[in-house]
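Here's the structure, in structure tokens; my notes come after.
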Amino acid sequence: MMECKSALVEAKGDLGEAEVVLRKKGIASAAKKSGRAAKQGVIGTYIHPGAQLGVLIEVNCESDFVARTEDFQALVHDLAMQVAAADPQFVRKEEVTQAVLDKERDIQRARALAEGKPEKMVDKIVDGRMAKYYEEVCLYEQPFIKENTTTIADVIKAKIAKLGENISVSRFVRFKVGDTVHAETPGE
């Protein structure tokens, strides 16, 4: 109640602006919660119609109570659909290995030079293309399939603000009929 009153005072009585103030405070408090341990949660699934594509995803929160809520379950389903539709390779950009980054950076540098871009602009061009690369391969960086003006990271932060607990994606796996994984044997 006091937070609402404070938001109204800050917004000079404008209800719409007060709502914005409250939402901003919720996102700020969500950022503070991101350091807390999230050891509960669920394994969610999504099987695309036709059963040719499926996803398993582990989404964690702080309590089993929140894990059972409709809001959390809906988030898990949306995240599983996101993985099915956008095919990310990593959860967060911090998980992209240095070898993968170096290879992609080399590819983008060679591409920019082949396009005849000036040498002094190549590094900035490569940085821009690397940001786009992260958006393609990292779940948290991807635009949300249901609302492409927001990222998955922002969708998760909004749920953290609403549910009051830290939420994170631990891992996922995407299966598509016909895609095969070749296991390396020692010595190859």
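Chain labels A, B, ... are given in the sequence in which chains occur in the structure tokens; within each chain residues are numbered consecutively from 1, and ligands are likewise numbered from 1 in the order shown.
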Identify, on the basis of only C-alpha atoms, every residue whose closest approach to A:Phe175 does not exceed 8 Å; exclude the query and any residue fewer than 5 positions from it along the same chain; express the result as number ranges by chain. A: 53-55
Spatial neighbours of stretch 97-114 of chain A, 12 Å, only C-alpha atoms, chain gap at least 3 places, as a short mmCIF file (atom, residue, chain, number, x, y, z; two decimals) with N, CA, C and O atoms, in the first residue's frame:
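File around_15.cif, as written:
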```
data_model
loop_
_atom_site.label_atom_id
_atom_site.label_comp_id
_atom_site.auth_asym_id
_atom_site.auth_seq_id
_atom_site.Cartn_x
_atom_site.Cartn_y
_atom_site.Cartn_z
N GLN A 89 21.62 -22.26 -29.21
CA GLN A 89 22.66 -23.25 -28.91
C GLN A 89 23.15 -23.15 -27.46
O GLN A 89 23.70 -24.10 -26.92
N PHE A 90 22.95 -21.97 -26.85
CA PHE A 90 23.41 -21.71 -25.50
C PHE A 90 22.30 -21.02 -24.71
O PHE A 90 21.43 -20.38 -25.30
N ARG A 92 22.98 -18.61 -22.11
CA ARG A 92 23.45 -17.23 -21.94
C ARG A 92 24.70 -17.00 -22.78
O ARG A 92 25.44 -17.94 -23.07
N LYS A 93 24.98 -15.73 -23.08
CA LYS A 93 26.16 -15.47 -23.90
C LYS A 93 27.46 -15.78 -23.17
O LYS A 93 28.47 -16.06 -23.80
N GLU A 94 27.44 -15.79 -21.83
CA GLU A 94 28.63 -16.14 -21.08
C GLU A 94 29.02 -17.61 -21.28
O GLU A 94 30.14 -18.00 -20.99
N LYS A 117 34.65 -3.29 -46.90
CA LYS A 117 34.50 -2.31 -45.83
C LYS A 117 35.87 -1.73 -45.48
O LYS A 117 36.88 -2.43 -45.52
N PRO A 118 35.91 -0.44 -45.11
CA PRO A 118 37.19 0.18 -44.75
C PRO A 118 37.78 -0.50 -43.51
O PRO A 118 37.06 -0.83 -42.57
N GLU A 119 39.10 -0.69 -43.52
CA GLU A 119 39.81 -1.39 -42.44
C GLU A 119 39.50 -0.78 -41.07
O GLU A 119 39.30 -1.50 -40.10
N LYS A 120 39.42 0.57 -41.02
CA LYS A 120 39.19 1.21 -39.71
C LYS A 120 37.78 0.98 -39.19
O LYS A 120 37.53 1.14 -38.00
N MET A 121 36.84 0.57 -40.05
CA MET A 121 35.46 0.32 -39.63
C MET A 121 35.18 -1.16 -39.35
O MET A 121 34.15 -1.50 -38.80
N VAL A 122 36.10 -2.02 -39.74
CA VAL A 122 35.88 -3.47 -39.65
C VAL A 122 35.58 -3.91 -38.22
O VAL A 122 34.67 -4.70 -37.99
N ASP A 123 36.34 -3.40 -37.24
CA ASP A 123 36.13 -3.83 -35.85
C ASP A 123 34.73 -3.47 -35.35
O ASP A 123 34.08 -4.28 -34.67
N LYS A 124 34.24 -2.30 -35.68
CA LYS A 124 32.89 -1.90 -35.28
C LYS A 124 31.83 -2.76 -35.98
O LYS A 124 30.83 -3.14 -35.37
N ILE A 125 32.07 -3.05 -37.23
CA ILE A 125 31.15 -3.91 -37.99
C ILE A 125 31.12 -5.30 -37.37
O ILE A 125 30.05 -5.88 -37.17
N VAL A 126 32.29 -5.83 -37.04
CA VAL A 126 32.39 -7.16 -36.43
C VAL A 126 31.66 -7.17 -35.08
O VAL A 126 30.91 -8.10 -34.78
N ASP A 127 31.84 -6.12 -34.28
CA ASP A 127 31.15 -6.04 -32.98
C ASP A 127 29.63 -6.06 -33.16
O ASP A 127 28.91 -6.75 -32.43
N GLY A 128 29.13 -5.33 -34.14
CA GLY A 128 27.70 -5.33 -34.42
C GLY A 128 27.20 -6.69 -34.87
O GLY A 128 26.13 -7.15 -34.44
N ARG A 129 27.98 -7.34 -35.70
CA ARG A 129 27.58 -8.68 -36.16
C ARG A 129 27.68 -9.71 -35.05
O ARG A 129 26.92 -10.68 -35.02
N MET A 130 28.60 -9.53 -34.12
CA MET A 130 28.70 -10.45 -32.98
C MET A 130 27.49 -10.29 -32.07
O MET A 130 26.99 -11.28 -31.53
N ALA A 131 26.99 -9.07 -31.91
CA ALA A 131 25.77 -8.86 -31.12
C ALA A 131 24.61 -9.60 -31.78
O ALA A 131 23.79 -10.24 -31.09
N LYS A 132 24.54 -9.55 -33.09
CA LYS A 132 23.51 -10.27 -33.83
C LYS A 132 23.71 -11.78 -33.68
O LYS A 132 22.74 -12.53 -33.54
N TYR A 133 24.95 -12.23 -33.68
CA TYR A 133 25.26 -13.64 -33.49
C TYR A 133 24.75 -14.13 -32.13
O TYR A 133 24.12 -15.17 -32.03
N TYR A 134 25.03 -13.36 -31.07
CA TYR A 134 24.54 -13.72 -29.74
C TYR A 134 23.02 -13.83 -29.74
O TYR A 134 22.45 -14.71 -29.12
N VAL A 137 22.13 -17.27 -31.24
CA VAL A 137 22.53 -18.53 -30.60
C VAL A 137 22.32 -18.59 -29.09
O VAL A 137 22.44 -19.67 -28.51
N CYS A 138 21.98 -17.48 -28.44
CA CYS A 138 21.81 -17.46 -26.99
C CYS A 138 20.35 -17.20 -26.62
O CYS A 138 19.80 -16.16 -26.98
#
```
Skip stretch 63-65 of chain A itself and residues of its chain fewer than 4 positions away, then list as a PyMOL selection string all residues within 9 Å of it, counting only C-alpha atoms. chain A and resi 38-42+69+165
Could you save the residues just selected, with all heavy atoms, as a PDB file, in the first residue's frame?
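Here's the written file part-v4.pdb:
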```
ATOM      1  N   ALA A  38      18.454 -20.597  -6.942  1.00  0.00           N
ATOM      2  CA  ALA A  38      17.214 -21.125  -7.523  1.00  0.00           C
ATOM      3  C   ALA A  38      17.402 -22.630  -7.688  1.00  0.00           C
ATOM      4  O   ALA A  38      17.897 -23.088  -8.699  1.00  0.00           O
ATOM      5  CB  ALA A  38      16.915 -20.448  -8.853  1.00  0.00           C
ATOM      6  N   LYS A  39      17.010 -23.387  -6.675  1.00  0.00           N
ATOM      7  CA  LYS A  39      17.255 -24.828  -6.673  1.00  0.00           C
ATOM      8  C   LYS A  39      15.982 -25.653  -6.824  1.00  0.00           C
ATOM      9  O   LYS A  39      16.028 -26.867  -6.777  1.00  0.00           O
ATOM     10  CB  LYS A  39      17.983 -25.220  -5.388  1.00  0.00           C
ATOM     11  CG  LYS A  39      19.300 -24.495  -5.238  1.00  0.00           C
ATOM     12  CD  LYS A  39      20.346 -25.394  -4.693  1.00  0.00           C
ATOM     13  CE  LYS A  39      21.627 -24.627  -4.523  1.00  0.00           C
ATOM     14  NZ  LYS A  39      22.685 -25.093  -5.314  1.00  0.00           N
ATOM     15  N   GLN A  40      14.853 -25.010  -6.979  1.00  0.00           N
ATOM     16  CA  GLN A  40      13.604 -25.705  -7.250  1.00  0.00           C
ATOM     17  C   GLN A  40      13.252 -25.448  -8.713  1.00  0.00           C
ATOM     18  O   GLN A  40      13.994 -24.801  -9.422  1.00  0.00           O
ATOM     19  CB  GLN A  40      12.487 -25.198  -6.324  1.00  0.00           C
ATOM     20  CG  GLN A  40      12.716 -25.516  -4.870  1.00  0.00           C
ATOM     21  CD  GLN A  40      12.681 -27.009  -4.604  1.00  0.00           C
ATOM     22  OE1 GLN A  40      11.881 -27.737  -5.158  1.00  0.00           O
ATOM     23  NE2 GLN A  40      13.593 -27.460  -3.751  1.00  0.00           N
ATOM     24  N   GLY A  41      12.117 -25.915  -9.163  1.00  0.00           N
ATOM     25  CA  GLY A  41      11.721 -25.662 -10.543  1.00  0.00           C
ATOM     26  C   GLY A  41      11.081 -26.868 -11.174  1.00  0.00           C
ATOM     27  O   GLY A  41      10.633 -27.790 -10.473  1.00  0.00           O
ATOM     28  N   VAL A  42      11.055 -26.866 -12.485  1.00  0.00           N
ATOM     29  CA  VAL A  42      10.436 -27.962 -13.226  1.00  0.00           C
ATOM     30  C   VAL A  42      11.206 -28.236 -14.511  1.00  0.00           C
ATOM     31  O   VAL A  42      11.955 -27.398 -14.998  1.00  0.00           O
ATOM     32  CB  VAL A  42       8.954 -27.666 -13.594  1.00  0.00           C
ATOM     33  CG1 VAL A  42       8.102 -27.521 -12.355  1.00  0.00           C
ATOM     34  CG2 VAL A  42       8.828 -26.452 -14.471  1.00  0.00           C
ATOM     35  N   THR A  69       2.948 -22.730  -9.675  1.00  0.00           N
ATOM     36  CA  THR A  69       1.980 -21.700 -10.050  1.00  0.00           C
ATOM     37  C   THR A  69       1.726 -21.693 -11.555  1.00  0.00           C
ATOM     38  O   THR A  69       2.575 -22.099 -12.353  1.00  0.00           O
ATOM     39  CB  THR A  69       2.447 -20.290  -9.630  1.00  0.00           C
ATOM     40  OG1 THR A  69       3.641 -19.962 -10.346  1.00  0.00           O
ATOM     41  CG2 THR A  69       2.647 -20.184  -8.130  1.00  0.00           C
ATOM     42  N   GLU A 165      10.563 -14.180  -6.930  1.00  0.00           N
ATOM     43  CA  GLU A 165      11.655 -15.137  -6.757  1.00  0.00           C
ATOM     44  C   GLU A 165      12.578 -15.109  -7.958  1.00  0.00           C
ATOM     45  O   GLU A 165      12.149 -14.786  -9.062  1.00  0.00           O
ATOM     46  CB  GLU A 165      11.115 -16.566  -6.617  1.00  0.00           C
ATOM     47  CG  GLU A 165      10.471 -16.852  -5.307  1.00  0.00           C
ATOM     48  CD  GLU A 165      10.246 -18.349  -5.080  1.00  0.00           C
ATOM     49  OE1 GLU A 165      10.683 -19.190  -5.888  1.00  0.00           O
ATOM     50  OE2 GLU A 165       9.632 -18.655  -4.066  1.00  0.00           O
TER      51      GLU A 165
END
```
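Counting only C-alpha atoms, the residue from A:Pro49, A:Gly44, A:Pro143, A:Gly116 that sits nearest to A:Phe172 is A:Gly44.
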Going by DSSP on the backbone, which residues of chain A come out as strand (DSSP E or B)? List them as a ChimeraX atom specification. /A:40-47,53-61,90,138,143-144,147-151,168-176
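Closest approach to A:Gln82 among A:Val169, A:Leu139, A:Val177, A:Ala153: A:Leu139, based on only C-alpha atoms.
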Contacts of stretch 146-149 of chain A within 10 Å, only C-alpha atoms, excl. fewer than 3 positions in-chain, as a list in words: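 My reading of the contact set: Asp78, Met81, Gln82, Gln142, Pro143, Ile152 and Val155 of chain A.
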Output N, CA and C atoms for every residue in that selection, as a tab-separated table (two decimals), in the first residue's frame.
```tsv
chain	number	residue	atom	x	y	z
A	78	ASP	N	6.33	-21.31	-22.51
A	78	ASP	CA	6.76	-20.31	-23.49
A	78	ASP	C	8.25	-20.46	-23.81
A	81	MET	N	8.72	-23.45	-26.05
A	81	MET	CA	8.32	-23.09	-27.42
A	81	MET	C	9.38	-22.23	-28.09
A	82	GLN	N	9.99	-21.32	-27.33
A	82	GLN	CA	11.05	-20.45	-27.86
A	82	GLN	C	12.22	-21.30	-28.36
A	142	GLN	N	17.67	-13.71	-27.32
A	142	GLN	CA	16.73	-13.79	-28.44
A	142	GLN	C	15.48	-12.96	-28.21
A	143	PRO	N	14.91	-12.41	-29.30
A	143	PRO	CA	13.61	-11.76	-29.18
A	143	PRO	C	12.55	-12.83	-28.87
A	152	ILE	N	14.12	-12.58	-24.25
A	152	ILE	CA	13.82	-13.63	-23.28
A	152	ILE	C	14.31	-13.21	-21.89
A	155	VAL	N	11.68	-11.04	-20.46
A	155	VAL	CA	10.49	-11.82	-20.09
A	155	VAL	C	10.73	-12.49	-18.74
```
According to DSSP computed on the backbone, where in stretch 31-188 of chain A is there helix (DSSP H, G or I)? Give the residues as an MDAnalysis selection string. chainID A and resid 31:33 64:67 70:86 93:95 98:114 119:137 139:141 152:163
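If you measure from each of A:Cys61, A:Gly178, A:Pro88, A:Ala51 to A:Ile156 using only C-alpha atoms, the closest one turns out to be A:Cys61.
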Point-to-point distance from atom CA of A:Lys159 to atom CA of A:Val76, Å rounded to tenths: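 It comes out at 10.8 Å.
Of the residues listed (A:Asp71, A:Glu95, A:Tyr46, A:Ile145), A:Asp71 shows the shortest atom-to-atom separation from A:Ala161; distances use only C-alpha atoms.
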Distance atom CA of A:Arg68-atom CA of A:Phe144, one decimal place?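 Atom CA of A:Arg68 sits 22.8 Å away from atom CA of A:Phe144.
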Between atom CA of A:Thr45 and atom CA of A:His77, measure the distance and give it in Å to one decimal.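 Taking atom CA of A:Thr45 as the start and atom CA of A:His77 as the end point, the length is 6.9 Å.
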